[in-house]
Amino acid sequence: MNSLHMLIFIPFVFAMAIPLLYKLFHPKIHLGWFVLLIPLVIFLHLFRYIPLVAKGDHLTTSLAWLPSVEMNLDFYIDGLALLFGLLISGIGVLVIIYSIFYLSKHREELHKFYMYLMMFMGAMLGLVFSDNIFILYGFWELTSISSFLLIAFWYERKSSRDGAMKSLLITVFGGLCMFAGMIMLTLITDTYSIREMILNVEFVQAHKLFIPVIICILLGAFTKSAQFPFSIWLPGAMEAPTPVSAYLHSATMVKAGIYLVARFTPVFGGSSVWFWLVSGIGIITLLYGSITAVRQTDLKALLAYSTISQLGLIMSLLGIGSLTFYFGPSEHGVTYSMAIFAAIFHLFNHSMFKGSLFMVVGIIDHETGTRDIRRLGGLMQLMPVSFTVALIGGFSMAGLPPFNGFLSKEMFFKAVNDVRVAEIFHLETLGMLFPLLAWIASIFTFVYSMILVFKTFSGKYRQEKLNRDVHEAPFGMLIPSVILAFFVVVIFFFPNVFSKYLLKPAFVAILPMFTIDKVDIKISAWHGWNTELLMTIGVVIMGSLLFITVKRWVPLLKQYPQWLTLNNLFEKSLEKVERYSLTITNRYMTGSIRHYFIYIFSFFVIVLAGSLLLLHGIQFDVSEDNVICIYDMGLVLGVMIAALTVLFTSNRMTAIVALSVVGYLVTMFFVIFRAPDLALTQMVVETVTTVLFLLCFYHLPKLQKNIGRIKFKLTNLIVSVATGLTITILALSSNSHKLFEPISYFFENAYELAGAKNIVNAILVDFRGFDTMLEISVLCIAGLGVYTLARFRMKGSDHNEAE
Amino acid sequence: MKPNDVILQSVTKVTVIIIFTFSVYLFLNGHHHPGGGFIGGLSTAAAIVLLFLAFDIEKVRENFQIDFKKLAALGVLIAIGTGFTGMLAGDPFLTQYFNDKNLPIFGKTELATALIFDTGVALAVIGTAVSIILSISEGDSLWKR
Amino acid sequence: METIMACLVGLLFTIGTYLVLSRQMLRIIFGLSIISHAVNLLILTSGGLKTGSAPLLDEKMAGFTDPLPQALILTAIVINFAVTALLLVLSYRSYQIFKTDDMERLRGNPDE
């Protein structure tokens with residue numbers, strides 16, 4: 001247990017304390033002030049690792065969890081993980097400050113909100129720091145679940161629930177695919193550690209499961225990062241409170257897919273499948289997102305689609321960068337490695353400007369009560385600070401100087417231009433598409449950024465369309481977005497500081513063939529009149545033209561038929577699947593417990609008897625049997641008679657007495673079979689059980705005569721006789737076979753190992769203490785069940801009893 | 001349950017003491033002889049049930065002011081808690097230790113952490129068994145009202 | 001002895017299954033009780049019968065019976081007690097509320 005483990009567990013532990021704090025301080029102090037401490041501590045703590053990581057080192061820690069199956073909490077921190085960790089905790093701090101002012105402490109269920117948020121933060125930190133692939137998967141799904149809970153935070157709204165459901169279905173589907181891919185990957189490489197996988201790359205790339213593994217893992221990454229065509233959940237996720245949208249659905253969680261692709265680039269990079277899937281899907285998503293964003297009228301939906309498009313941009317950069325592994329650390333390789341750097345840089349920048357934009361949109365929503373562009377306008381004078389932030393964020397998103405988006409956008413253009421000269425993977429012909437699509441998408445990016453800024457803040461202020469007086473947001477709400485906007489500008493002027501301490505280490509973490517002191521990357525705003533700059537100028541000119549004429553052509557986009565949208569296809573097919581599965585389920589789930597029992601017993605008989613027959617397992621050997629004395633025979637006969645009495649009697653009292661006779665005779669069996677512990681326990685239990693039966697005796701109806709038709713009885717008879725026969729055969733065969741040596745010799749050392757002479761007790765409390773612990777837990781649960789059942793009062797039951 | 005049986009009551013007074021003693025013996029001896037947490041707990045529970053049968057439940061509860069549900073929970077907590085002691089020493093969860101010590105009166109006695117675990121088991125069993133019986137009979141009176 | 005026990009376990013299973021398949025809740029509880037007795041005997045039988053002394057290390061005898069099945073059964077007995085209790089309460093409360101203990105009439109709402 002060291003400080004890195006502590007970092008990841010702190011949010012979870014703190015989440016448990018939240019209800020207590022809520023009880024103590026609500027509604028005196030807003031819960032957010034306490035929660036704020038956690039990301040702050042984590043952020044400051046992670047800062048300590050920067051010098052270490054900036055040297056190109058990494059740190060590994062391990063905590064044994066299930067060492068026997070190599071499932072250990074192995075965490076490690078390198079440039080990539082640290083960059084993500086700082087983003088998660090840093091933006092976490094700002095988002096929590098923002099949420100303190102955004103969510104009313106009087107109206108909202110804050111304890112739930114912050115518990116989910118802490119759960120998410122812990123899961124996300126665990127995700128980026130995990131080295132064990134399955135631990136990573138666990139945290140991955142935990143982020144999906146916490147995202148689900150946060151989207152459905154206002155669960156009384158139907159749209160929130162639908163959005164949450166959709167995101168859960170899609171991301172968990174992808175997660176499960178990824179899980180399958182991870183299992184295949186561990187089969188190939190024979191290790192759970194990602195770093196060891198990277199060392200075994202040649203096995204992976206030569207293996208016949210290579211392509212399925214890539215597809216499965218990418219499905220996970222694409223669903224999480226909302227790549228086309230899985231992007232449909234992200235707009236639905238915008239039903240969440242704005243702090244959540246700013247945090248999960250733009251800055252951190254949706255980047256988990258990017259993180260995964262970056263993390264696995266050393267394993268899969270250099271193959272054509274990986275290149276085409278990652279960069280191709282990325283560039284399609286970029287185009288799709290930007291075009292769809294233009295026709296949105298809801299500000300948050302616009303931002304959602306713009307997030308999709310920006311994620312596509314980063315994804316395509318990672319795909320292009322994977323070519324580095326094809327060329328190795330040659331001159332060509334260095335050229336393509338710049339794409340990876342651009343991806344990291346843009347990811348960093350995007351978290352800043354998109355976070356600030358989401359916060360501004362939240363402010364607008366909070367102050368005006370609407371996010372509809374058609375009702376907004378002219379807010380510039382009323383909300384000058386928000387306008388400034390939006391302007392900075394929007395221009396950065398559009399890729400204009402002097403904001404950080406310009407730098408990474410230029411690098412993006414350079415990367416897509418470089419693709420053409422790769423001359424592998426059919427890039428001689430198809431490579432031209434990259435700069436073209438990227439340029440078109442950038443034009444639309446420019447347009448929607450302008451729409452976002454100018455349609456809301458300039459133009460005529462239309463008081464009549466808003467229901468309230470609008471004024472600037474409270475100070476605390478502005479602060480986080482101002483800080484982010486400040487960084488947007490600072491990064492433009494001092495990019496190399498950030499590059500040295502954050503981006504380069506991350507770059508080296510993805511591309512292990514470069515060492516940090518040899519990497520020479522200088523980010524500068526001015527490169528001379530090169531193609532990239534001309535492309536940007538083209539984007540600005542075309543974009544401005546399109547923005548001016550936006551009213552003419554956007555209606556054309558809206559002509560696209562509603563029923564053909566991805567969202568519609570998804571919903572329709574989901575509806576169909578639900579209907580069909582309901583029909584099929586209703587076929588066999590009849591609600592009659594007898595049917596279920598028949599299924600269980602028939603399945604049991606068929607599988608057991610079938611496998612015994614097929615595998616020739618039936619054997620009958622009496623040679624090793626022990627002698628039977630007359631006393632044993634008497635016991636056997638007694639049990640038989642008592643059991644048959646239970647079956648045939650129609651008197652409750654007789655049945656109960658006969659049942660306890662069976663129990664006491666079984667006790668006698670335990671005595672003669674040398675099981676004193678069992679005999680004692682059985683005797684006491686039988687006594688208490690009989691008391692129980694007698695207690696309930698008065699409340700239960702009389703036994704009815706065996707009612708039912710012949711067919712009913714015949715089915716019962718067949719099923720029960722078949723079960724009995726199977727068991728008998730099974731018992732006989734298992735006595736005649738000795739496939740394995742009994743493991744009981746292990747317990748002969750009970751005295752030396754556990755200091756106990758009673759072996760049964762030693763097994764219970766020592767060797768298998770876990771079983772016993774869980775058993776008494778089950779016992780307690782059953783006790784509570786009895787307690788609640790006995791007091792349970794059904795709604796309307798009074799009415800029933802009156803009848 | 002309101003039996004009024006003098007013979008049963010007088011016999012119970014004696015037998016309950018015997019059963020209690022016996023169950024403590026069973027419980028403590030569990031490590032080396034037949035017995036242990038389950039049996040000890042169950043026979044204690046049986047003794048308490050006998051008390052309920054012989055006397056009025058209300059009367060017994062007046063003298064036995066224990067919430068048996070809490071007792072059961074306490075037992076589970078003790079059992080789980082002993083699991084963590086091993087972890088403090090760096091061993092896996094639920095590692096048990098034992099040692100022989102010379103105690104003033106008992107002479108050479110084995111002290112084992114397993115006994116604490118077994119105490120948890122016994123308490124959980126007593127608590128659950130008695131609270132099951134109690135809730136059935138109480139639920140009963142609840143419904144008659 | 002093992003053969004006889006195997007047949008006895010089979011018979012107990014038959015009776016138990018037949019009772020479980022009946023329509024009355026009380027009979028189902030009886031059936032489950034009998035099945036659990038049968039399972040305990042089955043486990044004990046498969047560990048070998050009467051092959052040594054009780055599994056206590058003090059008794060200086062050549063060998064002891066397999067303690068592992070006994071530990072398993074000990075757990076099973078206690079759990080079975082809890083399950084029986086739960087089922088009993090369930091049945092008597094549902095009888096109180098619904099005025100029937102016929103499983104075919106306790107099938108729940110078909111719309112659900």
# chains A, B, ... in the order shown; residues from 1 in each chain; ligands from 1

$ interface_residues --of "chain A" --to "chain B" --cutoff "9 Å" --atoms "only C-alpha atoms" --output "compact mmCIF listing (two decimals) with all heavy atoms, in the first residue's frame"
# COMPACT_ATOMS: atom_id res chain seq x y z
N TRP A 65 -3.48 -8.84 -4.41
CA TRP A 65 -4.91 -9.03 -4.18
C TRP A 65 -5.23 -10.51 -4.29
O TRP A 65 -5.60 -11.15 -3.31
CB TRP A 65 -5.72 -8.19 -5.17
CG TRP A 65 -7.19 -8.34 -5.01
CD1 TRP A 65 -7.87 -8.62 -3.85
CD2 TRP A 65 -8.17 -8.25 -6.03
NE1 TRP A 65 -9.21 -8.68 -4.09
CE2 TRP A 65 -9.43 -8.46 -5.41
CE3 TRP A 65 -8.14 -7.99 -7.39
CZ2 TRP A 65 -10.61 -8.45 -6.14
CZ3 TRP A 65 -9.33 -7.97 -8.10
CH2 TRP A 65 -10.55 -8.19 -7.48
N ALA A 675 -19.20 -39.33 12.74
CA ALA A 675 -19.19 -37.88 12.54
C ALA A 675 -19.83 -37.21 13.74
O ALA A 675 -20.98 -36.78 13.70
CB ALA A 675 -19.95 -37.52 11.27
N PRO A 676 -19.09 -37.12 14.85
CA PRO A 676 -19.71 -36.61 16.08
C PRO A 676 -20.18 -35.16 15.97
O PRO A 676 -21.25 -34.82 16.47
CB PRO A 676 -18.59 -36.73 17.11
CG PRO A 676 -17.33 -36.83 16.31
CD PRO A 676 -17.69 -37.50 15.04
N ASP A 677 -19.40 -34.34 15.27
CA ASP A 677 -19.83 -32.93 15.14
C ASP A 677 -21.16 -32.82 14.44
O ASP A 677 -22.05 -32.08 14.84
CB ASP A 677 -18.79 -32.16 14.32
CG ASP A 677 -17.52 -31.94 15.09
OD1 ASP A 677 -17.51 -31.03 15.91
OD2 ASP A 677 -16.56 -32.70 14.85
N LEU A 678 -21.26 -33.62 13.36
CA LEU A 678 -22.49 -33.57 12.58
C LEU A 678 -23.66 -34.04 13.41
O LEU A 678 -24.74 -33.44 13.37
CB LEU A 678 -22.36 -34.47 11.35
CG LEU A 678 -21.39 -34.00 10.31
CD1 LEU A 678 -21.52 -34.85 9.08
CD2 LEU A 678 -21.68 -32.57 9.97
N LEU A 680 -24.12 -33.98 16.59
CA LEU A 680 -24.54 -32.97 17.56
C LEU A 680 -25.33 -31.85 16.89
O LEU A 680 -26.42 -31.48 17.33
CB LEU A 680 -23.31 -32.38 18.24
CG LEU A 680 -22.69 -33.21 19.36
CD1 LEU A 680 -21.34 -32.66 19.72
CD2 LEU A 680 -23.61 -33.16 20.56
N THR A 681 -24.76 -31.35 15.78
CA THR A 681 -25.41 -30.23 15.12
C THR A 681 -26.80 -30.63 14.62
O THR A 681 -27.78 -29.93 14.83
CB THR A 681 -24.56 -29.77 13.93
OG1 THR A 681 -23.22 -29.72 14.33
CG2 THR A 681 -25.00 -28.42 13.44
N GLN A 682 -26.83 -31.77 13.95
CA GLN A 682 -28.10 -32.21 13.36
C GLN A 682 -29.16 -32.36 14.44
O GLN A 682 -30.31 -31.97 14.23
CB GLN A 682 -27.87 -33.54 12.63
CG GLN A 682 -29.11 -34.17 12.05
CD GLN A 682 -29.60 -33.44 10.83
OE1 GLN A 682 -28.80 -32.97 10.03
NE2 GLN A 682 -30.91 -33.35 10.66
N VAL A 684 -29.45 -30.82 17.35
CA VAL A 684 -29.98 -29.54 17.84
C VAL A 684 -30.81 -28.86 16.76
O VAL A 684 -31.91 -28.35 17.02
CB VAL A 684 -28.81 -28.63 18.28
CG1 VAL A 684 -29.35 -27.35 18.86
CG2 VAL A 684 -27.93 -29.34 19.26
N VAL A 685 -30.29 -28.88 15.53
CA VAL A 685 -31.03 -28.22 14.45
C VAL A 685 -32.39 -28.87 14.27
O VAL A 685 -33.40 -28.18 14.11
CB VAL A 685 -30.22 -28.29 13.14
CG1 VAL A 685 -31.10 -27.97 11.96
CG2 VAL A 685 -29.07 -27.31 13.19
N THR A 687 -34.17 -30.30 16.45
CA THR A 687 -35.05 -29.88 17.54
C THR A 687 -35.62 -28.50 17.26
O THR A 687 -36.84 -28.28 17.32
CB THR A 687 -34.25 -29.82 18.86
OG1 THR A 687 -33.49 -31.02 18.96
CG2 THR A 687 -35.16 -29.66 20.03
N VAL A 688 -34.73 -27.59 16.90
CA VAL A 688 -35.20 -26.22 16.68
C VAL A 688 -36.13 -26.18 15.47
O VAL A 688 -37.15 -25.47 15.48
CB VAL A 688 -34.00 -25.26 16.50
CG1 VAL A 688 -34.48 -23.84 16.34
CG2 VAL A 688 -33.07 -25.35 17.68
N VAL A 691 -39.55 -27.24 16.41
CA VAL A 691 -40.23 -26.15 17.11
C VAL A 691 -40.78 -25.14 16.09
O VAL A 691 -41.93 -24.69 16.19
CB VAL A 691 -39.27 -25.44 18.08
CG1 VAL A 691 -39.91 -24.21 18.66
CG2 VAL A 691 -38.85 -26.39 19.18
N LEU A 692 -39.94 -24.85 15.09
CA LEU A 692 -40.36 -23.90 14.06
C LEU A 692 -41.61 -24.39 13.36
O LEU A 692 -42.59 -23.64 13.19
CB LEU A 692 -39.26 -23.80 12.99
CG LEU A 692 -38.30 -22.66 13.08
CD1 LEU A 692 -37.33 -22.73 11.95
CD2 LEU A 692 -39.09 -21.37 13.01
N LEU A 695 -44.51 -23.99 15.48
CA LEU A 695 -44.92 -22.60 15.63
C LEU A 695 -45.79 -22.18 14.45
O LEU A 695 -46.80 -21.49 14.60
CB LEU A 695 -43.69 -21.70 15.66
CG LEU A 695 -43.14 -21.32 17.02
CD1 LEU A 695 -41.91 -20.46 16.83
CD2 LEU A 695 -44.20 -20.56 17.80
N CYS A 696 -45.37 -22.59 13.26
CA CYS A 696 -46.10 -22.19 12.08
C CYS A 696 -47.33 -23.04 11.85
O CYS A 696 -48.18 -22.73 11.03
CB CYS A 696 -45.21 -22.29 10.85
SG CYS A 696 -43.89 -21.11 10.90
N HIS A 699 -50.80 -21.69 11.71
CA HIS A 699 -51.14 -20.70 10.69
C HIS A 699 -51.29 -21.31 9.32
O HIS A 699 -51.67 -20.63 8.39
CB HIS A 699 -50.06 -19.63 10.64
CG HIS A 699 -49.71 -19.10 11.97
ND1 HIS A 699 -50.59 -18.34 12.70
CD2 HIS A 699 -48.62 -19.25 12.75
CE1 HIS A 699 -50.03 -18.04 13.85
NE2 HIS A 699 -48.83 -18.59 13.89
N ALA A 754 -2.91 -25.61 12.33
CA ALA A 754 -3.94 -24.76 12.92
C ALA A 754 -4.05 -24.93 14.42
O ALA A 754 -4.84 -24.28 15.06
CB ALA A 754 -5.29 -25.08 12.28
N GLY A 755 -3.26 -25.84 14.99
CA GLY A 755 -3.33 -26.05 16.43
C GLY A 755 -4.64 -26.65 16.87
O GLY A 755 -5.11 -26.39 17.96
N ALA A 756 -5.24 -27.44 16.01
CA ALA A 756 -6.53 -28.01 16.36
C ALA A 756 -6.48 -29.51 16.19
O ALA A 756 -5.88 -30.01 15.23
CB ALA A 756 -7.63 -27.42 15.49
N LYS A 757 -7.09 -30.21 17.13
CA LYS A 757 -7.13 -31.67 16.99
C LYS A 757 -8.42 -32.12 16.34
O LYS A 757 -8.50 -33.22 15.82
CB LYS A 757 -6.97 -32.31 18.37
CG LYS A 757 -5.54 -32.17 18.87
CD LYS A 757 -5.39 -32.74 20.24
CE LYS A 757 -4.02 -32.40 20.80
NZ LYS A 757 -4.02 -32.41 22.26
N ASN A 758 -9.44 -31.30 16.43
CA ASN A 758 -10.69 -31.62 15.75
C ASN A 758 -10.59 -31.11 14.31
O ASN A 758 -10.62 -29.91 14.06
CB ASN A 758 -11.84 -30.95 16.49
CG ASN A 758 -13.18 -31.25 15.83
OD1 ASN A 758 -13.22 -31.90 14.79
ND2 ASN A 758 -14.24 -30.80 16.45
N ILE A 759 -10.43 -32.04 13.38
CA ILE A 759 -10.12 -31.61 12.02
C ILE A 759 -11.29 -30.86 11.39
O ILE A 759 -11.11 -29.87 10.70
CB ILE A 759 -9.75 -32.83 11.14
CG1 ILE A 759 -8.65 -33.63 11.83
CG2 ILE A 759 -9.25 -32.36 9.80
CD1 ILE A 759 -8.27 -34.86 11.08
N VAL A 760 -12.51 -31.34 11.68
CA VAL A 760 -13.67 -30.68 11.09
C VAL A 760 -13.71 -29.22 11.51
O VAL A 760 -13.89 -28.31 10.70
CB VAL A 760 -14.97 -31.40 11.51
CG1 VAL A 760 -16.17 -30.68 10.97
CG2 VAL A 760 -14.95 -32.83 11.03
N ASN A 761 -13.48 -29.00 12.80
CA ASN A 761 -13.49 -27.63 13.30
C ASN A 761 -12.34 -26.82 12.69
O ASN A 761 -12.50 -25.66 12.35
CB ASN A 761 -13.37 -27.65 14.82
CG ASN A 761 -13.62 -26.29 15.42
OD1 ASN A 761 -12.68 -25.54 15.62
ND2 ASN A 761 -14.87 -25.93 15.62
N ALA A 762 -11.17 -27.48 12.53
CA ALA A 762 -10.05 -26.77 11.93
C ALA A 762 -10.39 -26.35 10.51
O ALA A 762 -10.05 -25.24 10.08
CB ALA A 762 -8.81 -27.66 11.93
N VAL A 765 -12.97 -23.27 10.83
CA VAL A 765 -12.56 -21.95 11.29
C VAL A 765 -11.24 -21.52 10.70
O VAL A 765 -10.89 -20.35 10.73
CB VAL A 765 -12.48 -21.86 12.83
CG1 VAL A 765 -13.82 -22.12 13.44
CG2 VAL A 765 -11.43 -22.79 13.37
N ASP A 766 -10.47 -22.46 10.17
CA ASP A 766 -9.13 -22.07 9.77
C ASP A 766 -8.90 -22.27 8.27
O ASP A 766 -8.77 -21.31 7.53
CB ASP A 766 -8.13 -22.87 10.59
CG ASP A 766 -6.79 -22.18 10.63
OD1 ASP A 766 -6.40 -21.65 9.59
OD2 ASP A 766 -6.16 -22.17 11.69
N PHE A 767 -8.91 -23.53 7.84
CA PHE A 767 -8.56 -23.76 6.44
C PHE A 767 -9.56 -23.11 5.49
O PHE A 767 -9.20 -22.55 4.48
CB PHE A 767 -8.49 -25.26 6.14
CG PHE A 767 -7.43 -25.97 6.93
CD1 PHE A 767 -7.75 -27.07 7.70
CD2 PHE A 767 -6.14 -25.51 6.92
CE1 PHE A 767 -6.78 -27.71 8.43
CE2 PHE A 767 -5.15 -26.15 7.65
CZ PHE A 767 -5.48 -27.25 8.41
N GLY A 769 -11.93 -20.78 6.42
CA GLY A 769 -12.60 -19.75 7.21
C GLY A 769 -13.47 -18.83 6.38
O GLY A 769 -14.51 -18.36 6.81
N PHE A 770 -13.05 -18.65 5.13
CA PHE A 770 -13.82 -17.77 4.24
C PHE A 770 -15.24 -18.29 4.06
O PHE A 770 -16.21 -17.54 4.12
CB PHE A 770 -13.12 -17.74 2.88
CG PHE A 770 -13.01 -16.37 2.32
CD1 PHE A 770 -11.79 -15.71 2.30
CD2 PHE A 770 -14.12 -15.73 1.81
CE1 PHE A 770 -11.68 -14.45 1.78
CE2 PHE A 770 -14.01 -14.46 1.30
CZ PHE A 770 -12.79 -13.82 1.28
N THR A 772 -16.95 -20.20 6.02
CA THR A 772 -17.73 -20.06 7.24
C THR A 772 -18.17 -18.63 7.44
O THR A 772 -19.31 -18.37 7.81
CB THR A 772 -16.89 -20.52 8.44
OG1 THR A 772 -16.28 -21.75 8.10
CG2 THR A 772 -17.73 -20.67 9.66
N MET A 773 -17.25 -17.72 7.14
CA MET A 773 -17.59 -16.31 7.29
C MET A 773 -18.78 -15.95 6.42
O MET A 773 -19.74 -15.31 6.85
CB MET A 773 -16.39 -15.47 6.90
CG MET A 773 -16.52 -14.03 7.22
SD MET A 773 -15.20 -13.14 6.43
CE MET A 773 -15.89 -12.86 4.83
N LEU A 774 -18.71 -16.39 5.15
CA LEU A 774 -19.82 -16.07 4.25
C LEU A 774 -21.08 -16.80 4.70
O LEU A 774 -22.19 -16.28 4.56
CB LEU A 774 -19.46 -16.46 2.82
CG LEU A 774 -18.33 -15.61 2.25
CD1 LEU A 774 -17.97 -16.09 0.88
CD2 LEU A 774 -18.76 -14.16 2.18
N ILE A 776 -22.10 -17.56 7.76
CA ILE A 776 -22.84 -16.88 8.82
C ILE A 776 -23.46 -15.59 8.30
O ILE A 776 -24.51 -15.18 8.77
CB ILE A 776 -21.99 -16.65 10.09
CG1 ILE A 776 -20.71 -15.94 9.76
CG2 ILE A 776 -21.73 -17.94 10.82
CD1 ILE A 776 -19.93 -15.55 10.99
N SER A 777 -22.84 -15.01 7.27
CA SER A 777 -23.48 -13.83 6.68
C SER A 777 -24.80 -14.22 6.04
O SER A 777 -25.81 -13.53 6.21
CB SER A 777 -22.58 -13.20 5.62
OG SER A 777 -21.27 -13.12 6.07
N LEU A 779 -26.59 -16.71 6.85
CA LEU A 779 -27.49 -17.03 7.95
C LEU A 779 -28.16 -15.77 8.47
O LEU A 779 -29.37 -15.72 8.69
CB LEU A 779 -26.66 -17.69 9.06
CG LEU A 779 -27.40 -18.54 10.06
CD1 LEU A 779 -27.98 -19.74 9.37
CD2 LEU A 779 -26.44 -18.97 11.15
N CYS A 780 -27.35 -14.73 8.65
CA CYS A 780 -27.89 -13.47 9.14
C CYS A 780 -28.89 -12.89 8.16
O CYS A 780 -29.94 -12.37 8.56
CB CYS A 780 -26.78 -12.46 9.33
SG CYS A 780 -26.12 -12.50 10.96
N ILE A 781 -28.57 -12.99 6.88
CA ILE A 781 -29.49 -12.44 5.88
C ILE A 781 -30.81 -13.18 5.95
O ILE A 781 -31.89 -12.58 5.92
CB ILE A 781 -28.86 -12.54 4.48
CG1 ILE A 781 -27.64 -11.64 4.40
CG2 ILE A 781 -29.87 -12.17 3.42
CD1 ILE A 781 -26.78 -11.90 3.20
N ALA A 782 -30.73 -14.51 6.09
CA ALA A 782 -31.97 -15.30 6.19
C ALA A 782 -32.75 -14.87 7.43
O ALA A 782 -33.98 -14.72 7.38
CB ALA A 782 -31.65 -16.78 6.24
N GLY A 783 -32.03 -14.64 8.54
CA GLY A 783 -32.69 -14.21 9.75
C GLY A 783 -33.41 -12.89 9.56
O GLY A 783 -34.57 -12.72 9.95
N LEU A 784 -32.74 -11.96 8.89
CA LEU A 784 -33.37 -10.66 8.62
C LEU A 784 -34.57 -10.84 7.70
O LEU A 784 -35.59 -10.17 7.85
CB LEU A 784 -32.36 -9.72 7.97
CG LEU A 784 -31.30 -9.16 8.89
CD1 LEU A 784 -30.35 -8.27 8.12
CD2 LEU A 784 -31.95 -8.38 10.00
N GLY A 785 -34.42 -11.79 6.74
CA GLY A 785 -35.54 -12.07 5.83
C GLY A 785 -36.75 -12.54 6.60
O GLY A 785 -37.87 -12.06 6.40
N VAL A 786 -36.52 -13.45 7.55
CA VAL A 786 -37.64 -13.94 8.36
C VAL A 786 -38.25 -12.79 9.13
O VAL A 786 -39.47 -12.63 9.18
CB VAL A 786 -37.14 -15.04 9.32
CG1 VAL A 786 -38.21 -15.38 10.34
CG2 VAL A 786 -36.73 -16.26 8.56
N TYR A 787 -37.39 -11.97 9.71
CA TYR A 787 -37.86 -10.85 10.52
C TYR A 787 -38.76 -9.92 9.71
O TYR A 787 -39.86 -9.57 10.11
CB TYR A 787 -36.65 -10.10 11.06
CG TYR A 787 -36.99 -8.88 11.88
CD1 TYR A 787 -37.48 -9.00 13.16
CD2 TYR A 787 -36.82 -7.61 11.35
CE1 TYR A 787 -37.78 -7.89 13.91
CE2 TYR A 787 -37.13 -6.49 12.08
CZ TYR A 787 -37.62 -6.64 13.37
OH TYR A 787 -37.93 -5.55 14.09
N THR A 788 -38.27 -9.55 8.51
CA THR A 788 -39.06 -8.61 7.71
C THR A 788 -40.32 -9.27 7.20
O THR A 788 -41.38 -8.66 7.17
CB THR A 788 -38.26 -8.09 6.52
OG1 THR A 788 -37.44 -9.12 6.03
CG2 THR A 788 -37.42 -6.91 6.89
N LEU A 789 -40.21 -10.54 6.79
CA LEU A 789 -41.40 -11.21 6.27
C LEU A 789 -42.48 -11.29 7.35
O LEU A 789 -43.66 -11.08 7.07
CB LEU A 789 -41.04 -12.63 5.84
CG LEU A 789 -40.70 -12.82 4.39
CD1 LEU A 789 -40.32 -14.26 4.14
CD2 LEU A 789 -41.86 -12.43 3.51
N ALA A 790 -42.06 -11.57 8.56
CA ALA A 790 -43.04 -11.75 9.61
C ALA A 790 -43.77 -10.44 9.90
O ALA A 790 -44.90 -10.44 10.35
CB ALA A 790 -42.35 -12.25 10.88
N ARG A 791 -43.09 -9.31 9.61
CA ARG A 791 -43.73 -8.03 9.89
C ARG A 791 -44.25 -7.33 8.65
O ARG A 791 -44.84 -6.28 8.73
CB ARG A 791 -42.72 -7.10 10.58
CG ARG A 791 -42.53 -7.49 11.99
CD ARG A 791 -41.22 -7.05 12.50
NE ARG A 791 -41.13 -7.48 13.90
CZ ARG A 791 -41.45 -6.71 14.91
NH1 ARG A 791 -41.83 -5.49 14.70
NH2 ARG A 791 -41.38 -7.16 16.14
N PHE A 792 -43.98 -7.96 7.53
CA PHE A 792 -44.31 -7.34 6.25
C PHE A 792 -45.82 -7.14 6.11
O PHE A 792 -46.60 -8.03 6.41
CB PHE A 792 -43.78 -8.24 5.14
CG PHE A 792 -44.17 -7.82 3.77
CD1 PHE A 792 -43.63 -6.68 3.21
CD2 PHE A 792 -45.08 -8.56 3.04
CE1 PHE A 792 -43.98 -6.30 1.93
CE2 PHE A 792 -45.44 -8.17 1.78
CZ PHE A 792 -44.89 -7.04 1.22

$ interface_residues --of "chain C" --to "chain A" --cutoff "6 Å" --atoms "only C-alpha atoms" --output "PyMOL selection string"
chain C and resi 1-2+6-7+10-11+13-14+17-18+21+46+49-50+54-57+67+71+74+82+86+92+107

$ closest_atom_pairs --of "chain C" --to "chain B" --cutoff "12 Å" --atoms "only C-alpha atoms" --output "CSV"
residue,atom,partner,partner_atom,distance
C:Ala54,CA,B:Pro34,CA,9.4
C:Pro55,CA,B:Pro34,CA,9.2
C:Leu56,CA,B:His33,CA,6.7
C:Leu57,CA,B:His32,CA,7.9
C:Asp58,CA,B:His32,CA,8.0
C:Glu59,CA,B:His33,CA,10.4
C:Gln70,CA,B:Pro34,CA,11.7
C:Ala71,CA,B:Phe38,CA,11.2
C:Leu74,CA,B:Phe38,CA,8.3
C:Thr75,CA,B:Phe38,CA,8.7
C:Ala76,CA,B:Phe38,CA,11.5
C:Ile77,CA,B:Phe38,CA,10.0
C:Val78,CA,B:Phe38,CA,7.8
C:Ile79,CA,B:Val125,CA,10.2
C:Asn80,CA,B:Ala129,CA,12.0
C:Phe81,CA,B:Ala129,CA,8.7
C:Ala82,CA,B:Ala129,CA,7.8
C:Val83,CA,B:Ile132,CA,10.9
C:Thr84,CA,B:Ile132,CA,10.7
C:Ala85,CA,B:Ile132,CA,7.2
C:Leu86,CA,B:Ile132,CA,8.4
C:Leu87,CA,B:Ile132,CA,11.6
C:Leu88,CA,B:Ile136,CA,9.4
C:Val89,CA,B:Ile136,CA,7.0
C:Leu90,CA,B:Ile136,CA,10.5
C:Ser91,CA,B:Ile136,CA,11.8
C:Tyr92,CA,B:Ile136,CA,9.7
C:Arg93,CA,B:Gly139,CA,9.5
C:Gln96,CA,B:Trp143,CA,9.2
C:Ile97,CA,B:Trp143,CA,10.8
